[in-house]
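Asker: What follows is target-v8.cif; its format and atoms are mmCIF, C-alpha atoms.
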data_run
loop_
_atom_site.label_atom_id
_atom_site.label_comp_id
_atom_site.auth_asym_id
_atom_site.auth_seq_id
_atom_site.Cartn_x
_atom_site.Cartn_y
_atom_site.Cartn_z
CA MET O 1 -95.95 109.88 243.24
CA ILE O 2 -99.42 108.41 243.43
CA ASN O 3 -99.70 108.45 239.65
CA VAL O 4 -96.48 106.55 239.21
CA LYS O 5 -97.63 103.88 241.61
CA ARG O 6 -100.99 103.69 239.92
CA ARG O 7 -99.32 103.20 236.53
CA THR O 8 -97.05 100.48 237.88
CA LEU O 9 -99.96 98.72 239.49
CA LEU O 10 -102.00 98.89 236.30
CA THR O 11 -99.16 97.46 234.23
CA ARG O 12 -98.60 94.63 236.66
CA THR O 13 -102.28 93.77 236.92
CA ALA O 14 -102.59 93.75 233.15
CA GLY O 15 -99.59 91.48 232.90
CA LEU O 16 -100.99 89.07 235.47
CA ALA O 17 -104.37 88.99 233.75
CA THR O 18 -102.75 88.19 230.43
CA ALA O 19 -100.63 85.46 231.98
CA ALA O 20 -103.65 83.91 233.67
CA PHE O 21 -105.69 84.08 230.48
CA PHE O 22 -103.13 82.42 228.28
CA GLY O 23 -101.79 80.11 230.94
CA GLN O 24 -104.89 77.93 230.75
CA GLN O 25 -104.51 77.31 227.06
CA SER O 26 -101.08 76.26 225.99
CA ALA O 27 -97.48 76.97 226.75
CA PHE O 28 -96.03 79.87 224.84
CA ALA O 29 -92.89 79.58 222.77
CA SER O 30 -89.87 79.73 224.99
CA VAL O 31 -86.63 81.46 224.16
CA ASP O 32 -85.20 77.96 223.55
CA GLU O 33 -87.76 77.27 220.85
CA VAL O 34 -86.90 80.53 219.10
CA THR O 35 -83.19 79.78 219.33
CA ALA O 36 -83.81 76.25 218.05
CA ALA O 37 -85.83 77.57 215.11
CA ILE O 38 -83.10 80.06 214.22
CA ASP O 39 -80.42 77.36 214.55
CA ALA O 40 -82.38 75.02 212.28
CA PHE O 41 -82.64 77.80 209.72
CA THR O 42 -79.01 78.96 209.89
CA LYS O 43 -77.59 75.48 210.58
CA GLY O 44 -75.66 76.84 213.52
CA VAL O 45 -74.20 79.95 211.87
CA THR O 46 -74.60 83.05 214.07
CA PRO O 47 -76.43 85.75 212.09
CA ASP O 48 -74.89 89.23 211.78
CA SER O 49 -76.86 92.38 212.33
CA GLY O 50 -77.55 95.00 209.69
CA VAL O 51 -78.73 94.79 206.07
CA ILE O 52 -82.33 93.98 207.09
CA THR O 53 -84.99 96.64 207.49
CA LEU O 54 -87.89 95.31 209.53
CA THR O 55 -90.88 97.63 209.56
CA THR O 56 -93.58 97.05 212.17
CA PRO O 57 -95.89 99.33 214.11
CA GLU O 58 -94.66 100.34 217.56
CA ILE O 59 -98.09 99.68 219.01
CA ALA O 60 -100.56 97.23 217.49
CA GLU O 61 -104.10 97.76 218.72
CA ASN O 62 -105.36 94.49 217.31
CA GLY O 63 -103.09 91.47 217.53
CA ASN O 64 -105.18 89.69 214.90
CA SER O 65 -103.75 91.70 212.08
CA VAL O 66 -100.39 93.37 212.52
CA PRO O 67 -98.66 94.63 209.38
CA ILE O 68 -95.05 93.57 208.97
CA ALA O 69 -92.69 94.52 206.18
CA VAL O 70 -89.18 93.26 205.70
CA SER O 71 -86.63 94.34 203.14
CA VAL O 72 -83.05 93.24 202.74
CA ASP O 73 -80.32 95.28 201.08
CA SER O 74 -78.98 93.15 198.24
CA PRO O 75 -78.14 93.57 194.54
CA MET O 76 -80.34 90.49 193.84
CA THR O 77 -78.11 89.07 191.09
CA GLU O 78 -77.56 85.36 190.38
CA ASP O 79 -74.34 85.44 192.42
CA ASP O 80 -75.48 87.61 195.27
CA HIS O 81 -79.08 87.53 196.35
CA VAL O 82 -81.30 86.90 199.33
CA VAL O 83 -82.56 83.30 199.37
CA SER O 84 -85.09 83.46 202.17
CA VAL O 85 -86.22 85.43 205.18
CA MET O 86 -87.72 83.73 208.22
CA LEU O 87 -89.99 85.67 210.58
CA LEU O 88 -90.37 84.61 214.21
CA ALA O 89 -92.54 85.87 217.06
CA GLU O 90 -90.89 85.18 220.40
CA ASP O 91 -94.03 84.93 222.52
CA ASN O 92 -96.59 83.36 220.21
CA PRO O 93 -97.79 79.77 220.87
CA ASN O 94 -95.69 78.77 217.84
CA PRO O 95 -92.77 81.08 217.09
CA GLU O 96 -92.87 80.67 213.29
CA ILE O 97 -94.78 83.37 211.43
CA ALA O 98 -93.74 82.78 207.84
CA THR O 99 -90.75 82.25 205.59
CA PHE O 100 -90.38 84.32 202.42
CA HIS O 101 -88.38 82.90 199.51
CA PHE O 102 -86.82 85.25 196.98
CA THR O 103 -85.06 84.72 193.66
CA PRO O 104 -83.07 87.07 191.38
CA HIS O 105 -86.38 87.53 189.49
CA SER O 106 -87.76 89.27 192.58
CA GLY O 107 -85.59 92.26 191.69
CA GLN O 108 -85.69 93.43 195.28
CA ALA O 109 -85.86 91.40 198.48
CA SER O 110 -88.82 93.16 199.96
CA ALA O 111 -92.17 91.79 201.08
CA SER O 112 -94.93 92.51 203.51
CA THR O 113 -97.85 90.67 205.05
CA ARG O 114 -100.09 90.73 208.11
CA MET O 115 -99.52 88.55 211.15
CA ARG O 116 -101.14 87.52 214.43
CA LEU O 117 -99.47 88.37 217.71
CA ALA O 118 -100.63 86.94 221.02
CA GLN O 119 -99.08 89.61 223.22
CA THR O 120 -96.46 92.34 223.41
CA GLN O 121 -93.24 90.81 222.17
CA ASN O 122 -90.21 90.88 219.91
CA VAL O 123 -90.42 89.83 216.29
CA VAL O 124 -87.23 88.52 214.72
CA ALA O 125 -86.31 88.35 211.02
CA VAL O 126 -83.44 86.14 209.86
CA ALA O 127 -82.24 86.42 206.26
CA LYS O 128 -80.29 83.77 204.38
CA MET O 129 -78.03 85.10 201.62
CA SER O 130 -76.88 83.13 198.58
CA SER O 131 -73.30 83.50 199.89
CA GLY O 132 -74.23 81.42 202.93
CA ALA O 133 -74.19 84.37 205.31
CA PHE O 134 -77.07 85.15 207.65
CA HIS O 135 -78.38 88.43 208.97
CA SER O 136 -80.96 89.18 211.59
CA ALA O 137 -83.00 92.06 212.95
CA SER O 138 -85.65 92.35 215.62
CA ASN O 139 -88.39 94.78 216.60
CA ASN O 140 -90.52 95.09 219.70
CA ILE O 141 -94.26 95.46 219.19
CA LYS O 142 -96.70 96.42 221.92
CA VAL O 143 -99.96 94.55 221.46
CA THR O 144 -103.13 95.96 223.05
CA ILE O 145 -105.47 93.03 222.29
CA GLY O 146 -103.92 89.63 221.63
CA GLY O 147 -104.80 87.79 218.47
CA CYS O 148 -104.98 84.14 219.43
CA GLY O 149 -108.71 83.73 219.90
CA GLY O 150 -110.37 82.48 223.06
CA MET S 1 -114.17 78.54 201.79
CA ALA S 2 -111.47 80.18 199.89
CA SER S 3 -112.82 82.43 197.18
CA LYS S 4 -111.46 84.18 194.14
CA PRO S 5 -108.18 85.89 195.02
CA ARG S 6 -107.61 89.59 194.40
CA ILE S 7 -104.33 90.49 192.73
CA LYS S 8 -102.88 93.81 191.68
CA VAL S 9 -100.23 93.80 188.94
CA PRO S 10 -99.51 96.84 186.76
CA LYS S 11 -100.87 96.40 183.20
CA LYS S 12 -97.57 97.36 181.65
CA ALA S 13 -94.03 98.18 182.64
CA ALA S 14 -90.67 98.86 181.02
CA VAL S 15 -88.07 96.11 180.72
CA GLY S 16 -85.88 96.21 183.81
CA ASP S 17 -88.56 97.80 186.00
CA ILE S 18 -89.15 96.45 189.47
CA ILE S 19 -92.89 96.33 190.01
CA THR S 20 -94.94 95.87 193.17
CA ILE S 21 -97.46 93.04 193.28
CA LYS S 22 -100.21 92.85 195.88
CA SER S 23 -102.32 89.79 196.53
CA LEU S 24 -105.17 88.97 198.86
CA ILE S 25 -107.22 85.81 199.26
CA SER S 26 -110.23 85.24 201.50
CA HIS S 27 -109.47 82.46 203.93
CA LYS S 28 -110.29 81.95 207.59
CA MET S 29 -106.78 80.74 208.47
CA GLU S 30 -108.04 78.66 211.40
CA SER S 31 -104.99 78.54 213.66
CA GLY S 32 -105.69 75.30 215.54
CA GLN S 33 -105.38 77.26 218.83
CA ARG S 34 -109.01 78.25 219.18
CA LYS S 35 -111.71 76.28 220.94
CA ASP S 36 -115.43 76.04 220.18
CA LYS S 37 -118.24 76.50 222.75
CA GLU S 38 -117.84 72.92 224.03
CA GLY S 39 -114.14 73.44 224.59
CA ASN S 40 -113.01 71.26 221.69
CA VAL S 41 -110.05 72.50 219.74
CA ILE S 42 -111.07 73.70 216.27
CA PRO S 43 -108.73 71.85 213.88
CA ARG S 44 -106.12 73.86 212.04
CA LYS S 45 -106.94 74.80 208.47
CA ILE S 46 -104.74 77.39 206.85
CA ILE S 47 -103.19 78.27 203.53
CA ASN S 48 -99.71 76.85 204.09
CA ALA S 49 -97.95 77.97 200.92
CA PHE S 50 -98.10 80.81 198.44
CA SER S 51 -96.06 81.17 195.28
CA CYS S 52 -95.69 83.50 192.34
CA GLU S 53 -94.04 82.56 189.04
CA PHE S 54 -93.31 84.69 186.00
CA ASN S 55 -93.23 82.79 182.68
CA GLY S 56 -92.45 79.63 184.63
CA LYS S 57 -89.61 81.13 186.69
CA PRO S 58 -90.11 81.46 190.45
CA VAL S 59 -90.34 85.08 191.64
CA PHE S 60 -91.51 84.87 195.22
CA SER S 61 -92.91 82.22 197.50
CA CYS S 62 -93.83 81.97 201.13
CA ASP S 63 -94.37 79.23 203.70
CA LEU S 64 -97.21 80.29 205.96
CA ASP S 65 -97.69 79.37 209.59
CA PRO S 66 -100.81 79.85 211.72
CA ALA S 67 -99.46 83.25 212.82
CA ILE S 68 -100.49 84.75 209.47
CA SER S 69 -103.72 86.74 209.76
CA ALA S 70 -107.02 85.68 208.20
CA ASN S 71 -107.31 86.63 204.53
CA PRO S 72 -103.57 86.38 203.87
CA TYR S 73 -102.17 89.45 202.15
CA PHE S 74 -98.80 89.67 200.43
CA GLU S 75 -97.00 92.55 198.86
CA PHE S 76 -93.75 91.85 197.06
CA LYS S 77 -91.55 92.94 194.15
CA ALA S 78 -90.88 91.44 190.75
CA LEU S 79 -88.33 92.26 188.08
CA VAL S 80 -89.88 92.66 184.62
CA SER S 81 -87.55 91.18 181.99
CA GLU S 82 -90.13 90.58 179.22
CA ALA S 83 -93.88 90.55 178.60
CA GLY S 84 -95.56 87.55 180.08
CA THR S 85 -97.80 86.04 182.68
CA PHE S 86 -97.61 85.94 186.43
CA LYS S 87 -99.00 82.75 187.89
CA PHE S 88 -100.07 82.71 191.53
CA SER S 89 -100.98 79.71 193.63
CA TRP S 90 -102.22 79.19 197.16
CA THR S 91 -102.11 75.76 198.80
CA ASP S 92 -104.62 74.87 201.49
CA ASP S 93 -103.96 72.42 204.36
CA ASP S 94 -106.57 70.09 202.79
CA GLY S 95 -104.55 69.93 199.56
CA GLU S 96 -106.73 72.31 197.57
CA VAL S 97 -104.72 74.59 195.28
CA ILE S 98 -106.18 77.90 194.16
CA GLU S 99 -104.56 79.38 191.08
CA ALA S 100 -104.77 82.71 189.31
CA THR S 101 -102.88 84.45 186.52
CA LYS S 102 -102.21 88.06 185.51
CA ASP S 103 -100.62 89.28 182.28
CA ILE S 104 -98.19 92.13 181.92
CA ALA S 105 -97.16 93.95 178.73
CA VAL S 106 -93.89 95.76 178.19
CA ALA S 107 -94.07 99.39 177.15
#
Now, as a test, write the supplied structure out as structure tokens.
Answerer:
Amino acid sequence: MINVKRRTLLTRTAGLATAAFFGQQSAFASVDEVTAAIDAFTKGVTPDSGVITLTTPEIAENGNSVPIAVSVDSPMTEDDHVVSVMLLAEDNPNPEIATFHFTPHSGQASASTRMRLAQTQNVVAVAKMSSGAFHSASNNIKVTIGGCGG
Amino acid sequence: MASKPRIKVPKKAAVGDIITIKSLISHKMESGQRKDKEGNVIPRKIINAFSCEFNGKPVFSCDLDPAISANPYFEFKALVSEAGTFKFSWTDDDGEVIEATKDIAVA
């Protein structure tokens, strides 16, 4: 019983400390901003789930460099390929991480990079297909030390 | 300052192979969120675009935002249709463009 309470207290205190620390600096991206960014990318089309494989660590010890890999199932032909994939971090100061652009010469719509994450949050990938369809996927990443500098 | 990029492309491949390309460039990727000792915001200075072409045809490109880590690293795929040259370019916020090329032969 005591242990459970202790854990809860620790989590809450940590959360408060993080909020206080970042609160002084700048407002974090709100859910609206993320939705707006997705809408701007999809031009209002609601993305389907599936097709995308988003690979991220479950726990990132250092928010300054978090590996992220995204791959989209597609034949990658002239008629049917992935045009671009947008990556968004819901709780970063700016939600945009990067946008990958693919062509049929890519052979496979798969890419990886390293990103900065300010805190524990969800990362969303939205893929635009040449057919005009959109797909999305999201992963939760626990961040031990935020990567936004002081 | 940005220095010479490091790129890994196989020396040769068969026609129709999908190869993996890795690239890394040294760059601070100053996010524009950090402050110096006096509390002034350090202005943003990042690589904002990366692209890879094969014999003049686009293969992969990326728009970067400040959420990309320092020393931006990319790993991506390319379809080998013929022997030729991969051309890579990184564009800095200040307009500087860093370019590099790598050749590939077909086996």
Asker: For Lys8 in chain S, which residue out of S:Val59, S:Ile104, S:Ala83, S:Ile98 is the nearest one, using all atoms listed in the file?
Answerer: S:Ile104
Asker: Would you mind listing, as a ChimeraX atom specification, all residues of chain O that have at least one atom within 7 Å of chain S, where all atoms listed in the file are what counts?
Answerer: /O:64-65,96-103,105-108,110-116,148-150
Asker: Excluding same-chain residues fewer than 2 positions from range 77-93 of chain O, what lies within 6 Å of it counting all atoms listed in the file, as a VMD selection string?
Answerer: chain O and resid 28 to 29 74 to 75 95 to 102 104 118 121 to 130
Asker: Which value, in Å to one decimal, gives the distance between CA of Pro10 in chain S and CA of Met76 in chain O?
Answerer: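 One can read the CA of Pro10 in chain S to CA of Met76 in chain O distance as 21.4 Å.
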Asker: Quick one: pull the distance between CA of Val97 in chain S and CA of Val66 in chain O, Å, one decimal.
Answerer: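 Rounded to one decimal, the two atoms are 25.9 Å apart.
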Asker: Which of these residues is nearest to Asp92 in chain S, using all atoms listed in the file: S:Ala107, S:Ile25, S:Ile46, S:Ala13?
Answerer: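 Between S:Ala107, S:Ile25, S:Ile46, S:Ala13, the residue approaching Asp92 in chain S most closely is S:Ile46.
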Asker: One decimal, in Å: what's the spacing between CA of Pro5 in chain S and CA of Met29 in chain S?
Answerer: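 Computed distance, CA of Pro5 in chain S to CA of Met29 in chain S, equals 14.5 Å.
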Asker: Ser71 in chain O: which residues within 7 Å, counting only C-alpha atoms, same-chain residues fewer than 2 positions away excluded, as a ChimeraX atom specification?
Answerer: /O:52-54,69,73,109-111
Asker: Of the candidates S:Glu82, S:Glu38, S:Lys102, S:His27, which shows the shortest atom-to-atom distance to Val15 in chain S, using all atoms listed in the file?
Answerer: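 Residue with the minimum atom-to-atom distance to Val15 in chain S: S:Glu82.
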